[in-house]
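> First the structure, then my questions, so here it is.
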Amino acid sequence: MKQLSTKVTSNAHGQDSSYFLGWEEYEKNPYNEIKNPNGIIQMGLAENQLCFDLIETWLAKNPDAAGLKKDGQSIFKELALFQDYHGLPEFKKALAEFMEEIRGNRVTFDPSKIVLAAGSTSANETLMFCLAEPGDAFLLPTPYYPGFDRDLKWRTGAEIVPIHCSSSNGFQITESALQQAYQQAQKLDLKVKGVLVTNPSNPLGTMLTRRELNLLVDFISSKNIHLISDEIYSGTVFGFEQFVSVMDVLKDKNLENSEVSKRVHVVYSLSKDLGLPGFRVGAIYSNDEMVVSAATKMSSFGLVSSQTQYLLSALLSDKKFTSTYLNENQKRLKIRQKQLVSGLEAAGVTCLKSNAGLFCWVDMRHLLDTNTFEAELELWKKIVYEVKLNISPGSSCHCTEPGWFRVCFANMSEDTLDLAMKRLKEYVESTDSRRVISKSSHERIKSLRKRTVSNWVFRVSWTDRVPDER
Amino acid sequence: MVLLSRKATCNSHGQDSSYFLGWEEYEKNPYDVIKNPQGIIQMGLAENQLCFDLLESWLAQNTDVACFKRDGQSIFRELALFQDYHGLSSFKNALADFMSENRGNRVSFDSNNLVLTAGATSANETLMFCLADPGDAFLLPTPYYPGFDRDLKWRTGVEIVPIQCSSTNGFCITKLALEEAYEQAKKLNLNVKGILITNPSNPLGTTTTQTELNILFDFITKNKNIHLVSDEIYSGTTFNSSEFVSVMEILKNNQLENTDVLNRVHVVYSLSKDLGLPGFRVGAIYSNDKDVISAATKMSSFGLVSSQTQYLLSSLLSDKKFTKNYLPENQKRLKNRQRKLVLGLEAIGIKCLKSNAGLFCWVDMRPLLSSKTFEAEMDLWKKIVYEVKLNISPGSSCHCEEPGWFRVCFANMSEETLKLALKRLKKFVDDGNSKRSCQKSESQKLKGSRKKTMSNVSNWVFRLSLHDREAEER
C-alpha cells in the first residue's frame, strides 16, 4: 500500500465540491461572443484585463526589456545565471518606488526590506512559516479570499479563526468582533500569532477605514502579535478617497521605528494592479530583520524568474509609464465598476458601496428562498445553469450571512458585461413572475447536484481553478 | 518582544559558518582577468557556462519568442493571464520530449505526469510534503548536495538519515550501507518514507551504476511503503548518453510498470544545469502516482514557473533541430573541460574520483591533509581559499564520511581561468612539498588568523545559519 503524507490524503475528504461544478460548467460551456454567445460568462475570476494596451504599447517602444538586452547589448547570460535570492537590485528598487507611488509617496519602502516571492500566494505562505508554528492561529475578518484556507493553513499547519463581520455595518471590523475571535481561539486552545487583513478587501472591494486600521494596530500592540496586511489590490483604488495603507497608520501614529512596526508586515503582488498573474511576482515587506532574513532564504522555494524580474524592473523604472498607468487604471476600473453597479441596480440588485478591487460584493439576499446557505447554493446554481453567469457565492468566502455574491467586472469586455447584466435582469424579472413554476426546475437542479457531487467529493478536495480565483 | 516561528529562528544557531567565510572572501575579492587577476577564483559554483553561445544564437534567430509573439501575433495578454498550475501544455510537452531525448529516447515521459515548479529546489521540497510527514525520514547516500539539508528538512520537518558511502568502492551505494541506514533510522524511531538519490551524483560527478540501481529497486520492491526519488537534474551532463541509466529505464527494463513499484518511483528535473538557466527557475516533478501529481500540482501554486519563461522555453525545446544539436555539443564541451581539470590535477599529483558526468570533479586531497581529520580538512580548505585563492567545496559540507575530499567545479569559468587555477594549485602543492619543515611557523600564523576570524564567526553564527550564497551552490 502506498503511503503518502497526511497533507495529501486528508485533503481528499470532507470538502464541499459544489463550487467545482460552477467552474466545470464554465469550462464545458464558456461564453464566446462569436463562437458561443449562449455560453457561461465568467464573473468569478478577479483579473484586471483593462489596461493591457498600455503595457503592450510600452513593450513595443522598449523591445530590449523583453529581448533580454540592456542598451542594445545582450545580457542573456547574466540573467540566465542570476538566481540570487536577494533579488535583482534594480527590480526591488523599482518595486519599492512603485509601492510608494501607489501610496501617494506618503510613506517610503526600503528595497532591502523587500523579499520577492513567486506571487503573493507564495509570500503569504512564507510569512506563515516565519511567524507561526503548526497549531498557531491567525485571525482573519470574514468574508475572506477562499485561497487563504490553502495558502495559510495547508502546509504550514497554521489555523484560521474568523473575525465575524456583518452587513449591519458594511462588514467593517469592530473591536468586539476582534476580541470575540481572540477569545474563540483561546477556547479552541490555539495560540494567536497575528491578524491578517486584505486591504483593499477581497471580496468586499472596500478599503479598510482609518478607524479599523487604528483598531488593528492598537490590538496587535496590546496583544503582542503580528499584523499582516495583504495590499495586493492597493493599485485598484478608484474612489475619491485615497488608499490608506497600514504603513500610513504607523507613520501617523509615530510608530515607524517602534517595536510594533517590527510586527507589521505588508504583502504585495503585481497580479492585480498590473494584471500579470502569470508572471508570478509577489513580495513581502517587513521591518523585522529576522523575518526578512528567514523569508529571503525561504524564497528559494519560489524565486521570481530573472527574465521576468528584468522585464519588470525596466517597466517599473519608467516613471512616466507608472504614473500614467496608475491614473488610467483607476479611471478605467471606476468606469467599469459603475457599469456593473448600474446594471445590477436595473435588475433591482444592490451591492456594498465599494471604491476598490476588481469585483463588487453583491446583495442577493432578497432572491433567496430562505435565509439559509442552502438557499444561497440553490440560487448560485440557478445563476450558473440558467442565467449562465459564473459568480462566487459568499459561503465560499466564509461569509456569515447567506445571500452575498462576489461578481467580477474587470475580466471581460464592456459588451460582455452588458450582456451579463441583461441576462441577470431577465432572470430577476422572470423569477418575480414565476415563483410558483420554478419549483420543478429547483427539483431538477437538486437531483443534478446529488448525482455529480458524489463522484467528485472523494477525488477533488479543492476546485481545480481556485488558485486563479483571487 | 517579537515572536517568530522556530523555523525562522532556529536556523540562526549552532551551524558552522566557516563555509560562509569562503564565500565571503570570494565576494570581497573576486577574480577578474583584467580588474582583479589576483582575486579568488570561484570553483564552488556548479554552473554550466559552456553553451550560452548556442542559446544566444537561437534567441537571435527567434526574436519573436522573447517578445511575446507567436506567428507574428502578440500573445502577451494570454501569457500575462496564464497562471494555471497545470502549466503551459506546449511547454510540458516540449519538456517531456526533452527529458526523453536526454535518455536517448529509451523511455518516454507523459506530460500529464509532469508538475512544473520554480526550480528543483521547489520540486524536492514539494515531493517531501507529498510523501512524508514531520518526523519521517528519507535515506540519502553521502556525500550529498548541502542544500538538501534545507530543501528536504527545513519547512517539512522531514529527517535525513545518511547511507554511508566510502572511497573504498568509489562511493557506490552498497546493500549493507542501505540496510544499516534503515536500521539507524529505526533506532532513532524514525519512519523511513523513502530514499533520495541524485543521479548523476552531486558532488561525485558519477552516474549511478546498474548494480546500485538494482540494490535500490530490490529494496523498494521488498519494502512496499518506501519511495524512491531520483533527482536527475544532471542527466544532460553525462559525457556519454549511454552511460546514464535513469530509474525510468529500470522500471521499463525490469517490467515493473504494472507493479506497485511504478507509483513509488519519482523523478525530479530542472533546466538549471543542462541548459545553464538557474535564473529562470524551471523545475519539474515526474510521477506515475495520480495522487502525488494531483497534490504536487496544487502545491506548485507556491512556486509556479513564470508564463513568460514557460513560453520562451517551450519554443526553445520544441525546436528539435536545436535540442538535437545542443545535447551532444553540451556533452562534448563538458567532457573536454573535465579532462582539462583532471589532467591538470594529475600533473600536480592530485587524483579525482573517475567521473563521467556533472559540472565538477570529486577531488582527493587526502595526501595534503596534515592529519586524517575534518579539522585538518578545514585547515586545508582555508589555505586553499586564503592562500591559493580558489574557492572550492570541502567534503564535510557534503556530509562525506572521510576527510580530505573536495568538490571542484570546472564549467563555470573560461579555459584560461581554469588553467590559472591549476597553476596556482600546482605552486601551492610544490611549495608544500618543499617547505614541510618551514611550515610549522606558517601553521602558527594561520592558527592566529583563524582565531581572529573565529571571533568574526561568533558574530555571524547567531545571525546567519547558512552562508548567504548556499542557495546558489548546487
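Chain labels run A, B, ... following the order of the C-alpha cells; each chain numbers its residues from 1, and ligands are numbered from 1 in the order shown.
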Please run DSSP on the backbone and report, as a list in words, all residues within stretch 212-372 of chain B that come out as strand (DSSP E or B).

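Assigned to strand (DSSP E or B), within stretch 212-372 of chain B: His227, Leu228, Val229, Ser230, Asp231, Val265, His266, Val267, Val268, Tyr269, Ser270, Gly283, Ala284, Ile285, Tyr286, Ser287, Lys351, Cys352, Phe360, Cys361, Trp362, Val363 and Asp364 of chain B.
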
> Find the residues of chain B in contact range of chain A, meaning any atom within 7 Å when counting only C-alpha atoms, and list them as number ranges by chain.

B: 2, 4-5, 7-8, 52, 66-67, 77, 79-84, 118, 121-122, 129-133, 224-225, 276-281, 295, 301-304, 306-309, 471-472

> At a cut-off of 7 Å, using only C-alpha atoms, what residues contact stretch 374-390 of chain A? Leave out same-chain residues fewer than 2 positions from it and give the result as a list of chain:residue names.

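Counting only C-alpha atoms, the residues come to A:Gly22, A:Tyr26, A:Gly39, A:Ile40, A:Ile41, A:Gln42, A:Met43, A:Gly44, A:Leu368, A:Asp369, A:Thr370, A:Asn371, A:Thr372, A:Ser392, A:Pro393, A:Pro402, A:Gly403, A:Ala420, A:Arg423, A:Leu424, A:Tyr427.
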
> Based on the selection just made, write N, CA, C and O atoms of those residues as an mmCIF file, in the first residue's frame.


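As written to disk, selection-v6.cif reads:
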```cif
data_model
loop_
_atom_site.group_PDB
_atom_site.id
_atom_site.type_symbol
_atom_site.label_atom_id
_atom_site.label_comp_id
_atom_site.auth_asym_id
_atom_site.auth_seq_id
_atom_site.Cartn_x
_atom_site.Cartn_y
_atom_site.Cartn_z
ATOM 1 N N GLY A 22 -19.493 24.798 -10.652
ATOM 2 C CA GLY A 22 -19.589 26.073 -11.360
ATOM 3 C C GLY A 22 -18.452 26.233 -12.353
ATOM 4 O O GLY A 22 -18.652 26.607 -13.509
ATOM 5 N N TYR A 26 -18.530 26.133 -16.485
ATOM 6 C CA TYR A 26 -17.940 27.186 -17.299
ATOM 7 C C TYR A 26 -16.986 26.596 -18.323
ATOM 8 O O TYR A 26 -17.021 26.928 -19.508
ATOM 9 N N GLY A 39 -23.033 30.825 -24.101
ATOM 10 C CA GLY A 39 -22.237 30.164 -23.076
ATOM 11 C C GLY A 39 -22.230 30.904 -21.751
ATOM 12 O O GLY A 39 -22.792 31.998 -21.616
ATOM 13 N N ILE A 40 -21.545 30.280 -20.760
ATOM 14 C CA ILE A 40 -21.491 30.858 -19.419
ATOM 15 C C ILE A 40 -20.446 31.974 -19.383
ATOM 16 O O ILE A 40 -19.314 31.800 -19.834
ATOM 17 N N ILE A 41 -20.845 33.120 -18.843
ATOM 18 C CA ILE A 41 -19.921 34.251 -18.716
ATOM 19 C C ILE A 41 -19.170 34.138 -17.395
ATOM 20 O O ILE A 41 -19.775 33.949 -16.334
ATOM 21 N N GLN A 42 -17.863 34.228 -17.485
ATOM 22 C CA GLN A 42 -17.012 34.086 -16.317
ATOM 23 C C GLN A 42 -16.976 35.379 -15.517
ATOM 24 O O GLN A 42 -16.438 36.390 -15.977
ATOM 25 N N MET A 43 -17.574 35.353 -14.322
ATOM 26 C CA MET A 43 -17.540 36.552 -13.486
ATOM 27 C C MET A 43 -16.964 36.204 -12.120
ATOM 28 O O MET A 43 -17.161 36.924 -11.139
ATOM 29 N N GLY A 44 -16.231 35.070 -12.065
ATOM 30 C CA GLY A 44 -15.660 34.607 -10.808
ATOM 31 C C GLY A 44 -14.150 34.781 -10.755
ATOM 32 O O GLY A 44 -13.492 34.411 -9.787
ATOM 33 N N LEU A 368 -33.194 35.001 -2.303
ATOM 34 C CA LEU A 368 -33.119 33.684 -1.661
ATOM 35 C C LEU A 368 -34.513 33.195 -1.305
ATOM 36 O O LEU A 368 -35.363 33.980 -0.887
ATOM 37 N N ASP A 369 -34.703 31.882 -1.432
ATOM 38 C CA ASP A 369 -35.974 31.289 -0.988
ATOM 39 C C ASP A 369 -36.102 31.397 0.521
ATOM 40 O O ASP A 369 -37.164 31.653 1.068
ATOM 41 N N THR A 370 -34.992 31.102 1.173
ATOM 42 C CA THR A 370 -34.948 31.202 2.643
ATOM 43 C C THR A 370 -33.606 31.809 3.017
ATOM 44 O O THR A 370 -32.650 31.760 2.232
ATOM 45 N N ASN A 371 -33.538 32.305 4.215
ATOM 46 C CA ASN A 371 -32.311 32.939 4.670
ATOM 47 C C ASN A 371 -31.281 31.891 5.126
ATOM 48 O O ASN A 371 -30.850 31.869 6.272
ATOM 49 N N THR A 372 -30.928 30.979 4.192
ATOM 50 C CA THR A 372 -30.011 29.896 4.547
ATOM 51 C C THR A 372 -28.930 29.744 3.492
ATOM 52 O O THR A 372 -29.100 30.187 2.347
ATOM 53 N N SER A 392 -19.193 34.078 -7.582
ATOM 54 C CA SER A 392 -18.725 33.366 -6.382
ATOM 55 C C SER A 392 -19.679 33.531 -5.195
ATOM 56 O O SER A 392 -19.899 34.650 -4.734
ATOM 57 N N PRO A 393 -20.206 32.417 -4.679
ATOM 58 C CA PRO A 393 -21.130 32.517 -3.539
ATOM 59 C C PRO A 393 -20.388 32.914 -2.273
ATOM 60 O O PRO A 393 -19.255 32.466 -2.040
ATOM 61 N N PRO A 402 -25.954 34.434 4.596
ATOM 62 C CA PRO A 402 -26.201 33.936 3.239
ATOM 63 C C PRO A 402 -26.740 35.035 2.329
ATOM 64 O O PRO A 402 -27.351 35.998 2.803
ATOM 65 N N GLY A 403 -26.508 34.839 1.016
ATOM 66 C CA GLY A 403 -27.114 35.741 0.039
ATOM 67 C C GLY A 403 -26.190 36.718 -0.624
ATOM 68 O O GLY A 403 -26.603 37.475 -1.510
ATOM 69 N N ALA A 420 -24.162 40.276 -19.612
ATOM 70 C CA ALA A 420 -24.325 39.613 -18.314
ATOM 71 C C ALA A 420 -25.429 40.289 -17.503
ATOM 72 O O ALA A 420 -26.274 39.628 -16.894
ATOM 73 N N ARG A 423 -28.859 39.473 -18.936
ATOM 74 C CA ARG A 423 -29.301 38.130 -18.558
ATOM 75 C C ARG A 423 -29.810 38.124 -17.117
ATOM 76 O O ARG A 423 -30.820 37.503 -16.786
ATOM 77 N N LEU A 424 -29.091 38.815 -16.263
ATOM 78 C CA LEU A 424 -29.473 38.839 -14.853
ATOM 79 C C LEU A 424 -30.829 39.523 -14.686
ATOM 80 O O LEU A 424 -31.700 39.048 -13.949
ATOM 81 N N TYR A 427 -33.557 37.314 -15.753
ATOM 82 C CA TYR A 427 -33.770 36.272 -14.749
ATOM 83 C C TYR A 427 -34.559 36.800 -13.558
ATOM 84 O O TYR A 427 -35.546 36.178 -13.120
#
```

> Hey, can you check how far atom CA of B:Asp218 sits from atom CA of B:Lys175?

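Atom CA of B:Lys175 lies 9.5 Å from atom CA of B:Asp218.
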
> From a DSSP pass on the backbone, collect the residues of stretch 60-154 of chain B flagged as alpha helix (DSSP H) and hand them back as JSON, numbers by chain.

{"B": [60, 61, 63, 64, 65, 66, 76, 77, 78, 79, 80, 81, 89, 90, 91, 92, 93, 94, 95, 96, 97, 98, 99, 100, 101, 102, 119, 120, 121, 122, 123, 124, 125, 126, 127, 128, 129, 130, 131, 148, 149, 150, 151]}

> If we count only C-alpha atoms, what is near A:Met364 at a cut-off of 8 Å, once residues fewer than 2 positions away on the same chain are taken out, given as a PyMOL selection string?

chain A and resi 349-350+362+366-368+403-405

> Residues of the last selection are to be written out with N, CA and C atoms, as a PDB file, in the first residue's frame.


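Final file, selection-v3.pdb:
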```pdb
ATOM      1  N   VAL A 349     -30.922  44.901  -7.985  1.00  0.00           N
ATOM      2  CA  VAL A 349     -29.937  44.280  -7.094  1.00  0.00           C
ATOM      3  C   VAL A 349     -28.937  45.345  -6.634  1.00  0.00           C
ATOM      4  N   THR A 350     -28.700  45.396  -5.332  1.00  0.00           N
ATOM      5  CA  THR A 350     -27.731  46.372  -4.827  1.00  0.00           C
ATOM      6  C   THR A 350     -26.422  45.688  -4.457  1.00  0.00           C
ATOM      7  N   VAL A 362     -22.081  41.677  -3.962  1.00  0.00           N
ATOM      8  CA  VAL A 362     -23.465  41.883  -4.380  1.00  0.00           C
ATOM      9  C   VAL A 362     -24.468  41.248  -3.430  1.00  0.00           C
ATOM     10  N   HIS A 366     -32.431  39.128  -1.187  1.00  0.00           N
ATOM     11  CA  HIS A 366     -33.857  39.188  -1.488  1.00  0.00           C
ATOM     12  C   HIS A 366     -34.267  38.137  -2.520  1.00  0.00           C
ATOM     13  N   LEU A 367     -33.294  37.526  -3.182  1.00  0.00           N
ATOM     14  CA  LEU A 367     -33.601  36.491  -4.174  1.00  0.00           C
ATOM     15  C   LEU A 367     -33.563  35.088  -3.581  1.00  0.00           C
ATOM     16  N   LEU A 368     -33.194  35.001  -2.303  1.00  0.00           N
ATOM     17  CA  LEU A 368     -33.119  33.684  -1.661  1.00  0.00           C
ATOM     18  C   LEU A 368     -34.513  33.195  -1.305  1.00  0.00           C
ATOM     19  N   GLY A 403     -26.508  34.839   1.016  1.00  0.00           N
ATOM     20  CA  GLY A 403     -27.114  35.741   0.039  1.00  0.00           C
ATOM     21  C   GLY A 403     -26.190  36.718  -0.624  1.00  0.00           C
ATOM     22  N   TRP A 404     -24.913  36.760  -0.206  1.00  0.00           N
ATOM     23  CA  TRP A 404     -23.962  37.686  -0.827  1.00  0.00           C
ATOM     24  C   TRP A 404     -23.122  36.945  -1.849  1.00  0.00           C
ATOM     25  N   PHE A 405     -22.821  37.649  -2.936  1.00  0.00           N
ATOM     26  CA  PHE A 405     -22.022  37.051  -4.009  1.00  0.00           C
ATOM     27  C   PHE A 405     -20.951  38.033  -4.480  1.00  0.00           C
TER      28      PHE A 405
END
```
